[in-house]
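This is my_file-v3.txt. It holds compact mmCIF, C-alpha atoms and all ligand atoms.
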```
# COMPACT_ATOMS: atom_id res chain seq x y z
CA MET O 1 -70.35 -31.63 -76.01
CA ALA O 2 -70.18 -33.97 -78.99
CA LEU O 3 -66.68 -33.93 -80.42
CA CYS O 4 -67.22 -35.79 -83.64
CA ALA O 5 -68.40 -34.31 -86.92
CA SER O 6 -68.87 -36.41 -90.09
CA SER O 7 -65.45 -36.98 -91.66
CA GLN O 8 -63.66 -34.72 -89.18
CA LYS O 9 -62.98 -34.66 -85.48
CA LEU O 10 -63.31 -31.44 -83.59
CA PHE O 11 -62.05 -30.39 -80.24
CA LEU O 12 -61.57 -27.18 -78.36
CA ALA O 13 -58.20 -25.52 -78.44
CA SER O 14 -56.67 -22.12 -77.81
CA SER O 15 -57.70 -19.58 -80.42
CA ALA O 16 -54.15 -18.97 -81.74
CA ALA O 17 -53.65 -22.60 -82.77
CA SER O 18 -57.14 -23.05 -84.11
CA GLY O 19 -57.14 -19.94 -86.27
CA ARG O 20 -54.40 -21.48 -88.36
CA ALA O 21 -56.02 -24.90 -88.40
CA ARG O 22 -59.31 -23.50 -89.62
CA ALA O 23 -57.62 -21.49 -92.31
CA ARG O 24 -55.87 -24.62 -93.45
CA HIS O 25 -58.79 -27.01 -93.45
CA GLY O 26 -61.77 -24.78 -94.11
CA GLY O 27 -61.57 -25.08 -97.90
CA ARG O 28 -61.38 -28.86 -97.93
CA ALA O 29 -64.09 -29.63 -95.42
CA SER O 30 -67.41 -31.00 -96.61
CA ALA O 31 -70.39 -28.65 -96.49
CA ASN O 32 -71.69 -30.62 -93.57
CA GLY O 33 -68.28 -30.48 -91.88
CA ARG O 34 -68.19 -26.70 -92.23
CA ARG O 35 -71.69 -26.35 -90.78
CA ASP O 36 -70.68 -28.48 -87.78
CA LEU O 37 -67.50 -26.52 -87.36
CA ALA O 38 -69.42 -23.26 -87.21
CA VAL O 39 -71.74 -24.72 -84.57
CA HIS O 40 -68.75 -25.75 -82.49
CA VAL O 41 -67.15 -22.34 -82.85
CA ARG O 42 -70.30 -20.71 -81.51
CA MET O 43 -70.56 -23.14 -78.60
CA ALA O 44 -66.99 -22.65 -77.42
CA ALA O 45 -65.90 -20.52 -74.48
CA PRO O 46 -64.56 -17.04 -75.40
CA ASP O 47 -60.90 -18.08 -75.37
CA GLN O 48 -61.55 -21.37 -77.18
CA VAL O 49 -62.79 -22.36 -80.60
CA ALA O 50 -63.32 -25.68 -82.29
CA ILE O 51 -60.55 -26.97 -84.51
CA ALA O 52 -60.65 -29.73 -87.06
CA TYR O 53 -58.08 -32.14 -88.37
CA GLU O 54 -59.11 -34.12 -91.37
CA GLU O 55 -59.83 -37.85 -91.39
CA GLY O 56 -59.40 -39.98 -94.49
CA ASN O 57 -62.15 -42.13 -95.95
CA LEU O 58 -60.69 -45.42 -94.70
CA GLU O 59 -60.66 -47.08 -91.29
CA MET O 60 -56.88 -47.41 -91.60
CA PRO O 61 -54.19 -46.88 -94.26
CA LYS O 62 -53.97 -49.49 -97.04
CA TRP O 63 -50.30 -50.02 -96.12
CA ALA O 64 -51.35 -51.28 -92.66
CA GLY O 65 -53.40 -54.23 -91.53
CA GLU O 66 -54.08 -57.33 -93.63
CA THR O 67 -54.28 -55.81 -97.11
CA PRO O 68 -52.25 -57.14 -100.09
CA LEU O 69 -50.19 -53.91 -100.07
CA SER O 70 -49.42 -54.30 -96.38
CA ARG O 71 -48.39 -57.95 -96.89
CA LEU O 72 -46.14 -56.96 -99.80
CA VAL O 73 -44.36 -54.35 -97.66
CA LYS O 74 -43.97 -56.95 -94.88
CA VAL O 75 -42.30 -59.39 -97.28
CA LEU O 76 -39.97 -56.67 -98.62
CA VAL O 77 -39.01 -55.54 -95.13
CA SER O 78 -38.33 -59.08 -93.92
CA PHE O 79 -35.85 -59.68 -96.79
CA LYS O 80 -32.56 -59.14 -94.88
CA PRO O 81 -30.39 -57.43 -97.55
CA LEU O 82 -33.24 -55.07 -98.42
CA TYR O 83 -33.96 -54.43 -94.73
CA SER O 84 -30.34 -53.31 -94.20
CA LEU O 85 -30.63 -50.88 -97.11
CA LEU O 86 -34.00 -49.58 -95.90
CA LYS O 87 -32.61 -49.14 -92.40
CA LEU O 88 -29.77 -46.98 -93.73
CA GLY O 89 -32.16 -45.08 -95.99
CA ALA O 90 -34.61 -44.47 -93.19
CA ARG O 91 -31.88 -43.04 -90.99
CA GLN O 92 -30.58 -40.78 -93.75
CA VAL O 93 -34.08 -39.54 -94.59
CA LEU O 94 -34.77 -38.85 -90.90
CA ILE O 95 -31.59 -36.85 -90.35
CA SER O 96 -31.64 -34.90 -93.61
CA THR O 97 -35.36 -34.09 -93.33
CA ALA O 98 -34.85 -32.89 -89.77
CA GLU O 99 -31.91 -30.69 -90.70
CA LYS O 100 -33.74 -29.26 -93.71
CA ASN O 101 -36.42 -28.24 -91.20
CA ASN O 102 -33.87 -26.44 -89.02
CA ILE O 103 -33.72 -29.21 -86.42
CA PRO O 104 -30.01 -29.51 -85.59
CA TRP O 105 -30.06 -33.32 -85.39
CA ARG O 106 -26.33 -34.03 -85.41
CA GLU O 107 -25.41 -31.01 -83.29
CA MET O 108 -27.95 -31.77 -80.53
CA SER O 109 -27.14 -35.46 -80.36
CA ARG O 110 -23.39 -34.76 -80.35
CA GLU O 111 -23.86 -32.37 -77.44
CA ILE O 112 -25.44 -35.17 -75.41
CA LEU O 113 -22.92 -37.81 -76.43
CA GLU O 114 -20.06 -35.49 -75.43
CA SER O 115 -21.62 -34.57 -72.07
CA ASP O 116 -21.51 -36.18 -68.61
CA VAL O 117 -24.82 -37.95 -69.19
CA TYR O 118 -23.14 -41.35 -68.66
CA LYS O 119 -22.78 -40.58 -64.93
CA GLU O 120 -26.56 -40.75 -64.49
CA LEU O 121 -26.80 -44.41 -65.48
CA HIS O 122 -25.75 -45.93 -62.16
CA SER O 123 -28.43 -44.04 -60.20
CA ILE O 124 -31.15 -44.91 -62.74
CA GLU O 125 -30.55 -48.44 -63.94
CA ASN O 126 -32.30 -51.36 -62.29
CA PRO O 127 -29.82 -54.14 -63.03
CA SER O 128 -32.27 -56.90 -62.11
CA LEU O 129 -34.93 -55.74 -64.60
CA GLN O 130 -36.00 -58.43 -67.07
CA TYR O 131 -36.75 -56.85 -70.45
CA PRO O 132 -39.84 -58.09 -72.29
CA ASP O 133 -38.75 -60.06 -75.40
CA TYR O 134 -40.40 -57.65 -77.86
CA TYR O 135 -38.37 -54.79 -76.43
CA LEU O 136 -35.12 -56.36 -77.59
CA SER O 137 -36.04 -56.03 -81.29
CA PRO O 138 -34.21 -53.46 -83.44
CA PHE O 139 -36.23 -50.24 -83.50
CA HIS O 140 -35.93 -47.00 -85.43
CA ALA O 141 -32.92 -48.23 -87.40
CA TYR O 142 -30.90 -48.90 -84.19
CA ASP O 143 -29.76 -52.52 -83.92
CA GLU O 144 -29.98 -52.33 -80.13
CA GLY O 145 -33.38 -50.67 -80.27
CA ASN O 146 -33.89 -48.24 -77.41
CA LEU O 147 -31.05 -49.74 -75.40
CA SER O 148 -28.18 -47.56 -76.59
CA TRP O 149 -26.63 -44.16 -75.95
CA LEU O 150 -27.00 -43.20 -79.62
CA ALA O 151 -30.76 -43.84 -79.53
CA ALA O 152 -30.95 -41.86 -76.27
CA ALA O 153 -28.95 -38.94 -77.66
CA GLU O 154 -31.16 -38.76 -80.75
CA ALA O 155 -34.52 -39.27 -79.04
CA GLU O 156 -35.34 -35.61 -78.44
CA VAL O 157 -34.46 -34.49 -81.98
CA ALA O 158 -36.52 -37.40 -83.30
CA THR O 159 -39.42 -36.14 -81.17
CA MET O 160 -38.98 -32.65 -82.60
CA SER O 161 -39.13 -34.11 -86.10
CA VAL O 162 -42.39 -35.89 -85.27
CA ALA O 163 -43.89 -32.55 -84.20
CA ARG O 164 -42.58 -30.79 -87.29
CA ARG O 165 -44.05 -33.44 -89.63
CA ALA O 166 -47.36 -33.38 -87.78
CA MET O 167 -47.64 -29.59 -87.85
CA PRO O 168 -46.13 -28.49 -91.18
CA HIS O 169 -48.08 -25.21 -91.06
CA ALA O 170 -46.41 -24.08 -87.81
CA SER O 171 -43.96 -21.21 -88.22
CA SER O 172 -41.20 -22.88 -86.17
CA ILE O 173 -40.31 -26.16 -84.54
CA GLU O 174 -41.05 -24.61 -81.12
CA GLU O 175 -44.52 -23.63 -82.28
CA ALA O 176 -45.14 -27.08 -83.80
CA THR O 177 -44.15 -28.77 -80.53
CA LYS O 178 -46.18 -26.36 -78.42
CA GLU O 179 -49.27 -26.91 -80.54
CA LEU O 180 -48.96 -30.70 -80.68
CA ARG O 181 -48.34 -31.05 -76.95
CA GLY O 182 -50.78 -28.26 -76.09
CA ASN O 183 -53.65 -29.98 -77.89
CA TRP O 184 -52.87 -33.25 -76.09
CA LEU O 185 -52.71 -31.55 -72.67
CA GLN O 186 -55.95 -29.76 -73.33
CA VAL O 187 -57.79 -32.98 -74.10
CA ILE O 188 -56.42 -34.48 -70.86
CA GLU O 189 -57.52 -31.50 -68.80
CA GLN O 190 -60.99 -31.36 -70.36
CA HIS O 191 -61.54 -35.11 -69.95
CA HIS O 192 -60.39 -35.16 -66.33
CA MET O 193 -62.43 -32.09 -65.36
CA LYS O 194 -65.55 -33.55 -66.95
CA HIS O 195 -65.34 -37.11 -65.62
CA SER O 196 -63.22 -37.24 -62.52
CA GLY O 197 -64.41 -34.68 -60.00
CA SER O 198 -60.94 -34.44 -58.45
CA THR O 199 -57.72 -32.56 -59.17
CA ILE O 200 -54.68 -34.19 -60.71
CA GLU O 201 -52.20 -34.81 -57.89
CA ASN O 202 -50.23 -37.84 -59.04
CA ILE O 203 -49.17 -38.48 -62.64
CA LEU O 204 -47.37 -41.46 -64.15
CA ASP O 205 -45.89 -41.08 -67.64
CA ILE O 206 -45.21 -44.61 -68.90
CA GLY O 207 -42.76 -44.78 -71.80
CA CYS O 208 -41.43 -41.34 -70.92
CA SER O 209 -38.31 -41.77 -73.09
CA VAL O 210 -35.99 -38.79 -72.52
CA GLY O 211 -38.71 -36.98 -70.59
CA VAL O 212 -40.25 -34.63 -73.16
CA SER O 213 -43.84 -35.70 -72.46
CA THR O 214 -43.09 -35.86 -68.72
CA ARG O 215 -41.80 -32.28 -68.66
CA PHE O 216 -44.89 -31.05 -70.52
CA LEU O 217 -47.11 -32.81 -67.96
CA ALA O 218 -45.11 -31.40 -65.03
CA ASP O 219 -45.29 -27.88 -66.49
CA LYS O 220 -49.04 -28.15 -67.09
CA PHE O 221 -49.80 -29.57 -63.62
CA PRO O 222 -47.09 -27.97 -61.42
CA SER O 223 -48.70 -28.97 -58.12
CA ALA O 224 -48.80 -32.67 -59.11
CA LYS O 225 -46.16 -35.24 -58.25
CA VAL O 226 -44.93 -36.64 -61.57
CA ILE O 227 -43.10 -39.88 -62.32
CA GLY O 228 -41.52 -40.74 -65.68
CA LEU O 229 -41.09 -44.48 -66.20
CA ASP O 230 -39.31 -46.24 -69.05
CA LEU O 231 -37.60 -49.48 -69.99
CA SER O 232 -34.50 -47.76 -71.37
CA PRO O 233 -32.00 -46.70 -68.68
CA TYR O 234 -30.17 -44.71 -71.38
CA PHE O 235 -33.26 -42.64 -72.19
CA LEU O 236 -33.92 -42.11 -68.48
CA SER O 237 -30.32 -40.99 -67.95
CA VAL O 238 -30.82 -38.29 -70.60
CA ALA O 239 -34.14 -37.32 -68.97
CA GLN O 240 -32.53 -36.95 -65.54
CA PHE O 241 -29.47 -35.16 -66.95
CA LYS O 242 -31.63 -32.59 -68.76
CA GLU O 243 -33.89 -32.05 -65.78
CA LYS O 244 -30.89 -31.34 -63.54
CA LYS O 245 -29.89 -28.56 -65.92
CA ARG O 246 -33.10 -26.57 -65.51
CA ALA O 247 -34.39 -24.52 -62.57
CA PRO O 248 -35.55 -26.78 -59.71
CA ARG O 249 -39.27 -27.57 -59.62
CA GLU O 250 -41.57 -27.35 -56.62
CA ASN O 251 -42.20 -31.06 -57.22
CA PRO O 252 -39.12 -32.67 -58.79
CA ILE O 253 -39.84 -35.35 -61.39
CA ARG O 254 -38.97 -38.89 -60.30
CA TRP O 255 -37.54 -41.25 -62.94
CA ILE O 256 -38.09 -45.02 -62.68
CA HIS O 257 -36.48 -47.77 -64.73
CA ALA O 258 -39.18 -50.45 -64.99
CA ALA O 259 -41.57 -52.16 -67.36
CA GLY O 260 -44.89 -50.38 -67.74
CA GLU O 261 -46.63 -53.77 -67.56
CA ASP O 262 -45.25 -54.43 -64.08
CA THR O 263 -44.33 -51.14 -62.44
CA GLY O 264 -44.26 -52.36 -58.81
CA LEU O 265 -46.02 -49.09 -57.85
CA PRO O 266 -48.99 -49.13 -55.41
CA SER O 267 -52.54 -49.71 -56.67
CA LYS O 268 -54.93 -46.72 -56.90
CA SER O 269 -52.13 -44.20 -56.43
CA PHE O 270 -52.44 -42.06 -59.60
CA ASP O 271 -54.99 -39.63 -61.02
CA LEU O 272 -53.47 -39.70 -64.50
CA VAL O 273 -51.53 -42.39 -66.35
CA SER O 274 -50.16 -41.35 -69.73
CA PHE O 275 -48.76 -43.27 -72.71
CA ALA O 276 -47.45 -40.84 -75.33
CA TYR O 277 -46.29 -42.43 -78.61
CA VAL O 278 -45.66 -45.77 -76.85
CA PHE O 279 -48.21 -48.19 -78.28
CA HIS O 280 -47.02 -48.14 -81.91
CA GLU O 281 -43.79 -49.66 -80.53
CA CYS O 282 -45.62 -52.53 -78.80
CA PRO O 283 -47.24 -55.80 -79.83
CA GLU O 284 -50.91 -56.15 -78.89
CA ARG O 285 -50.20 -58.42 -75.90
CA ALA O 286 -48.00 -55.66 -74.42
CA ILE O 287 -50.66 -53.01 -75.08
CA ILE O 288 -53.21 -55.13 -73.17
CA ALA O 289 -50.78 -55.66 -70.27
CA LEU O 290 -49.97 -51.94 -70.17
CA VAL O 291 -53.58 -50.75 -70.02
CA THR O 292 -54.37 -53.44 -67.43
CA GLU O 293 -51.54 -52.13 -65.23
CA ALA O 294 -52.75 -48.55 -65.76
CA PHE O 295 -56.24 -49.57 -64.59
CA ARG O 296 -54.73 -51.06 -61.41
CA LEU O 297 -52.63 -47.94 -60.76
CA LEU O 298 -55.42 -45.38 -61.23
CA ARG O 299 -57.73 -44.17 -58.46
CA PRO O 300 -61.49 -44.38 -59.10
CA GLY O 301 -62.27 -41.47 -61.42
CA GLY O 302 -58.68 -41.45 -62.66
CA THR O 303 -57.84 -40.79 -66.31
CA ILE O 304 -55.80 -42.84 -68.77
CA VAL O 305 -54.54 -40.97 -71.82
CA LEU O 306 -52.87 -42.45 -74.87
CA THR O 307 -51.69 -40.53 -77.85
CA ASP O 308 -50.22 -42.07 -80.98
CA GLN O 309 -50.60 -42.39 -84.74
CA SER O 310 -54.21 -42.28 -85.87
CA PRO O 311 -55.29 -44.97 -88.36
CA LYS O 312 -57.94 -42.49 -89.50
CA SER O 313 -55.49 -39.68 -90.28
CA LYS O 314 -55.92 -38.55 -93.88
CA ILE O 315 -52.23 -37.72 -94.16
CA LEU O 316 -51.15 -41.16 -92.91
CA GLN O 317 -53.65 -42.86 -95.22
CA GLU O 318 -52.14 -40.96 -98.16
CA LEU O 319 -48.47 -41.51 -97.29
CA SER O 320 -46.31 -42.25 -100.34
CA PRO O 321 -45.13 -45.87 -100.87
CA ALA O 322 -41.51 -44.84 -100.26
CA LEU O 323 -42.36 -43.26 -96.93
CA PHE O 324 -44.61 -46.00 -95.58
CA THR O 325 -42.10 -48.68 -96.57
CA LEU O 326 -39.33 -46.81 -94.74
CA LEU O 327 -41.63 -46.27 -91.76
CA LYS O 328 -42.57 -49.94 -91.54
CA SER O 329 -38.96 -51.04 -91.90
CA THR O 330 -38.05 -49.30 -88.63
CA GLU O 331 -41.19 -50.03 -86.59
CA PRO O 332 -41.51 -53.79 -86.03
CA PHE O 333 -44.93 -53.66 -84.35
CA LEU O 334 -46.59 -50.95 -86.41
CA ASN O 335 -48.90 -53.35 -88.22
CA GLU O 336 -50.01 -54.95 -84.97
CA TYR O 337 -50.66 -51.51 -83.52
CA TYR O 338 -52.89 -50.57 -86.46
CA LEU O 339 -54.81 -53.81 -86.10
CA THR O 340 -55.43 -53.37 -82.37
CA ASP O 341 -58.86 -52.15 -81.36
CA LEU O 342 -57.60 -49.78 -78.66
CA GLU O 343 -61.04 -48.56 -77.57
CA GLY O 344 -62.21 -52.18 -77.33
CA ARG O 345 -59.16 -53.18 -75.26
CA LEU O 346 -59.79 -50.27 -72.84
CA ARG O 347 -63.44 -51.28 -72.51
CA GLU O 348 -62.51 -54.91 -71.78
CA VAL O 349 -60.15 -53.84 -68.99
CA GLY O 350 -62.98 -51.82 -67.38
CA PHE O 351 -62.45 -48.23 -68.53
CA VAL O 352 -65.49 -46.01 -69.25
CA ASN O 353 -66.05 -42.61 -70.94
CA ILE O 354 -63.75 -43.62 -73.78
CA GLN O 355 -63.19 -40.79 -76.24
CA THR O 356 -60.86 -40.46 -79.24
CA VAL O 357 -59.98 -37.17 -80.90
CA LEU O 358 -57.53 -36.23 -83.66
CA THR O 359 -55.27 -33.79 -81.84
CA ASP O 360 -53.12 -33.07 -84.89
CA PRO O 361 -53.25 -34.15 -88.53
CA ARG O 362 -51.42 -37.44 -87.78
CA HIS O 363 -52.15 -38.36 -84.16
CA MET O 364 -55.15 -39.18 -82.03
CA THR O 365 -55.53 -38.77 -78.29
CA MET O 366 -57.69 -41.33 -76.49
CA THR O 367 -58.89 -40.69 -72.95
CA ALA O 368 -60.90 -42.88 -70.59
CA THR O 369 -61.88 -43.10 -66.92
CA VAL O 370 -61.69 -45.73 -64.20
CA PRO O 371 -65.31 -46.02 -62.92
CA HIS O 372 -65.97 -44.22 -59.62
CA GLN O 373 -67.71 -47.26 -58.19
CA ARG O 374 -64.77 -49.59 -58.83
CA VAL O 375 -63.92 -51.84 -55.89
C1 LIG Q 401 -41.58 -42.89 -78.73
S1 LIG Q 401 -41.03 -43.10 -77.14
C2 LIG Q 401 -42.07 -42.12 -76.13
C3 LIG Q 401 -41.89 -40.67 -76.23
C4 LIG Q 401 -42.34 -39.84 -75.07
N1 LIG Q 401 -43.43 -40.41 -74.32
C5 LIG Q 401 -42.74 -38.49 -75.61
O1 LIG Q 401 -43.93 -38.26 -75.76
O2 LIG Q 401 -41.87 -37.68 -75.89
C6 LIG Q 401 -41.60 -44.70 -76.66
C7 LIG Q 401 -40.99 -45.08 -75.34
O3 LIG Q 401 -41.70 -46.18 -74.80
C8 LIG Q 401 -40.79 -46.96 -74.07
N2 LIG Q 401 -41.41 -48.27 -73.86
C9 LIG Q 401 -41.78 -49.17 -74.79
N3 LIG Q 401 -42.35 -50.24 -74.19
C10 LIG Q 401 -42.34 -49.97 -72.86
C11 LIG Q 401 -42.79 -50.68 -71.72
N4 LIG Q 401 -43.36 -51.87 -71.84
N5 LIG Q 401 -42.61 -50.14 -70.50
C12 LIG Q 401 -42.04 -48.93 -70.37
N6 LIG Q 401 -41.58 -48.21 -71.41
C13 LIG Q 401 -41.74 -48.72 -72.64
C14 LIG Q 401 -39.55 -46.95 -74.94
O4 LIG Q 401 -38.39 -47.29 -74.22
C15 LIG Q 401 -39.54 -45.52 -75.44
O5 LIG Q 401 -38.77 -44.71 -74.62
```
Please express the file's structure as structure tokens.
Amino acid sequence: MALCASSQKLFLASSAASGRARARHGGRASANGRRDLAVHVRMAAPDQVAIAYEEGNLEMPKWAGETPLSRLVKVLVSFKPLYSLLKLGARQVLISTAEKNNIPWREMSREILESDVYKELHSIENPSLQYPDYYLSPFHAYDEGNLSWLAAAEAEVATMSVARRAMPHASSIEEATKELRGNWLQVIEQHHMKHSGSTIENILDIGCSVGVSTRFLADKFPSAKVIGLDLSPYFLSVAQFKEKKRAPRENPIRWIHAAGEDTGLPSKSFDLVSFAYVFHECPERAIIALVTEAFRLLRPGGTIVLTDQSPKSKILQELSPALFTLLKSTEPFLNEYYLTDLEGRLREVGFVNIQTVLTDPRHMTMTATVPHQRV
């Protein structure tokens, strides 16, 4: 089924989520968009309907790429005294916005920092790991980037804030998270069923952070063996600590401290390799190395899935100057991410059946297959 309709992208989702999305977007859609939407609704299975998230008119926001506005923001952000102020501002905005949205940022992170999470580090950390140079940049207003306990303690609340911002119509943070992750999982399942011909038995979640995406994958595919892999031993410690607190799984998640570009895992050993919200933190050369490694790791017919900010998102294209300046001040590779032709990079590495869908108002999910006839 074609998934694309004029200025909107459509995909099939559970009727509860899509009812709200249609109510929200129906009035703004073009006449043509509405006609296409109706067609998709009729074509869907009984428990599914088509939902639409709106694209802007541009290929990417004016604050990204090589535009004068983007260059101006880059100059501002690279001015050290201003960068320090922006960094502080960004952090304050993040925390206060989260707490205004009933996300208990300080309480949840304090709970982790005051726990026994530190004991996990010795069983997780690979002391001989060489970090890629780009990974040692300050990220997200943390001077040590992802390599700190504070960043690890705040990672899950930051993830909740991402879901809340992406799904402002949702009635609660739980609903926002469920919808955002549910749409992503549904695209994965549909793509794999359509193109692979096999079940999903082995999953690798590269850039798993504190394990939120990994847990969603493990819950969705309970019979699969799931690995979460990340460069931050602090994030992985939180992931392992949290997982130990829940009821044991039939297939326990394995956590690996390694670089996604060079995992050391056997070739052709996974049916699904996922990158959730990883690429906007990477320079293009890392993105190419990561998708090349994913191609090596996947079995013929296997699926790669990446989800991240969509350059075509109407909301991101219309972000206020204050917000995009703050955003760019804490994301050193954001511009490079926006300039990277992700579909083109996947094609060059050898992937086929490449498909990109807006799975919420801010993020796209891209899926592709390793050809069955690969040697
Ligand atoms: C925004 S977080 C991912 C969030 C998580 N996947 C989720 O959906 O909740 C990005 C993660 O990518 C990891 N990362 C960045 N570059 C990486 C690389 N080359 N190899 C492995 N992990 C990497 C970071 O350490 C960080 O934990």
Polymer residues at most 10 Å from Arg374 in chain O, only C-alpha atoms, same-chain spacing of 4 or more positions, as an mmCIF file with C-alpha atoms, in the frame of the given file:
```cif
data_model
loop_
_atom_site.group_PDB
_atom_site.id
_atom_site.type_symbol
_atom_site.label_atom_id
_atom_site.label_comp_id
_atom_site.auth_asym_id
_atom_site.auth_seq_id
_atom_site.Cartn_x
_atom_site.Cartn_y
_atom_site.Cartn_z
ATOM 1 C CA ARG O 299 -57.730 -44.170 -58.460
ATOM 2 C CA PRO O 300 -61.490 -44.380 -59.100
ATOM 3 C CA GLY O 301 -62.270 -41.470 -61.420
ATOM 4 C CA GLY O 350 -62.980 -51.820 -67.380
ATOM 5 C CA VAL O 370 -61.690 -45.730 -64.200
#
```
Need to verify the contact set: Phe270 in chain O, 9 Å, only C-alpha atoms, exclusion of same-chain residues closer than 4 positions in sequence. Can you return it as a PDB file with C-alpha atoms, in the frame of the given file?
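Contents of result.pdb, as written:
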```
ATOM      1  CA  ILE O 200     -54.680 -34.190 -60.710  1.00  0.00           C
ATOM      2  CA  GLU O 201     -52.200 -34.810 -57.890  1.00  0.00           C
ATOM      3  CA  ASN O 202     -50.230 -37.840 -59.040  1.00  0.00           C
ATOM      4  CA  ILE O 203     -49.170 -38.480 -62.640  1.00  0.00           C
ATOM      5  CA  LEU O 204     -47.370 -41.460 -64.150  1.00  0.00           C
ATOM      6  CA  PRO O 266     -48.990 -49.130 -55.410  1.00  0.00           C
ATOM      7  CA  ALA O 294     -52.750 -48.550 -65.760  1.00  0.00           C
ATOM      8  CA  LEU O 297     -52.630 -47.940 -60.760  1.00  0.00           C
ATOM      9  CA  LEU O 298     -55.420 -45.380 -61.230  1.00  0.00           C
ATOM     10  CA  ARG O 299     -57.730 -44.170 -58.460  1.00  0.00           C
ATOM     11  CA  GLY O 302     -58.680 -41.450 -62.660  1.00  0.00           C
ATOM     12  CA  THR O 303     -57.840 -40.790 -66.310  1.00  0.00           C
TER      13      THR O 303
END
```
Considering all atoms listed in the file, tabulate each residue of range 84-115 of chain O that lies at most 10 Å from range 170-194 of chain O along with its nearest interatomic pair and the corresponding distance in Å to one decimal; arrange the rows by chain and ascending residue number and present them as CSV.
```
residue,atom,partner,partner_atom,distance
O:Asn101,CA,O:Ile173,CA,8.0
O:Asn102,CA,O:Ile173,CA,7.8
O:Ile103,CA,O:Ile173,CA,7.5
```
Contacts of ligand LIG 401 (chain Q), 9 Å or closer, only C-alpha atoms and all ligand atoms, given as JSON, numbers by chain: {"O": [131, 132, 134, 135, 145, 146, 147, 152, 155, 156, 158, 159, 160, 181, 205, 206, 207, 208, 209, 210, 211, 212, 213, 214, 216, 228, 229, 230, 231, 232, 233, 235, 236, 257, 258, 259, 260, 261, 262, 263, 274, 275, 276, 277, 278, 279, 280, 281, 282, 286, 287, 289, 290, 307, 308]}
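Residue neighbourhood of Ala90 in chain O, excluding near-sequence residues (fewer than 5 positions): Leu82, Tyr83, Ser84, Leu85, Ile95, Ser96, Thr97, Phe139, His140, Ala141, Tyr142, Ala322, Leu323, Phe324, Thr325, Leu326, Leu327, Lys328, Ser329, Thr330 and Glu331 of chain O, at 12 Å, using only C-alpha atoms.
The gap separating CA of Ile124 in chain O from CA of Arg254 in chain O is 10.2 Å, in Å to one decimal.
The environment of range 110-122 of chain O within 10 Å, counting only C-alpha atoms and disregarding residues fewer than 5 places along the same chain, consists of Pro104, Trp105, Pro127, Trp149, Leu150, Ala152, Ala153, Glu154, Pro233, Tyr234, Phe235, Leu236, Ser237, Val238, Ala239, Gln240, Phe241 and Lys242 of chain O.
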message: Taking 3 positions as the minimum chain separation for residues in the same chain, which residues sit within 7 Å of Lys314 in chain O when counting all atoms listed in the file? Answer as a ChimeraX atom specification.
response: /O:54-56,317-318
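Taking CA of Ser267 in chain O and CA of Arg296 in chain O as the two end points, the separation is 5.4 Å.
Ranking O:Asp219, O:Asp271, O:Glu144, O:Asp360 by their shortest atom-to-atom distance to Lys312 in chain O, with all atoms listed in the file included, puts O:Asp360 first.
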- request: Rounded to one decimal place, report the CA of Asn335 in chain O-CA of Leu129 in chain O distance in Å.
  value: 27.5 Å
field: Polymer residues at most 8 Å from (-58.4, -41.5, -81.9) by only C-alpha atoms, as a PyMOL selection string
entry: chain O and resi 307+310-312+355-358+363-366
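Nearest to Lys87 in chain O of all the residues O:Pro138, O:Glu125, O:Lys245, O:Leu334 is O:Pro138, based on all atoms listed in the file.
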Per-axis box centre and lengths in Å around range 51-60 of chain O, 5 Å margin per side, axis-aligned, as lines of an AutoDock Vina configuration file:
```
center_x = -59.5
center_y = -37.2
center_z = -90.2
size_x = 15.3
size_y = 30.4
size_z = 21.4
```
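Nearest-residue note for Thr67 in chain O: choosing from O:Tyr338, O:Met167, O:Leu136, O:Ser148, the minimum distance belongs to O:Tyr338, counting only C-alpha atoms.
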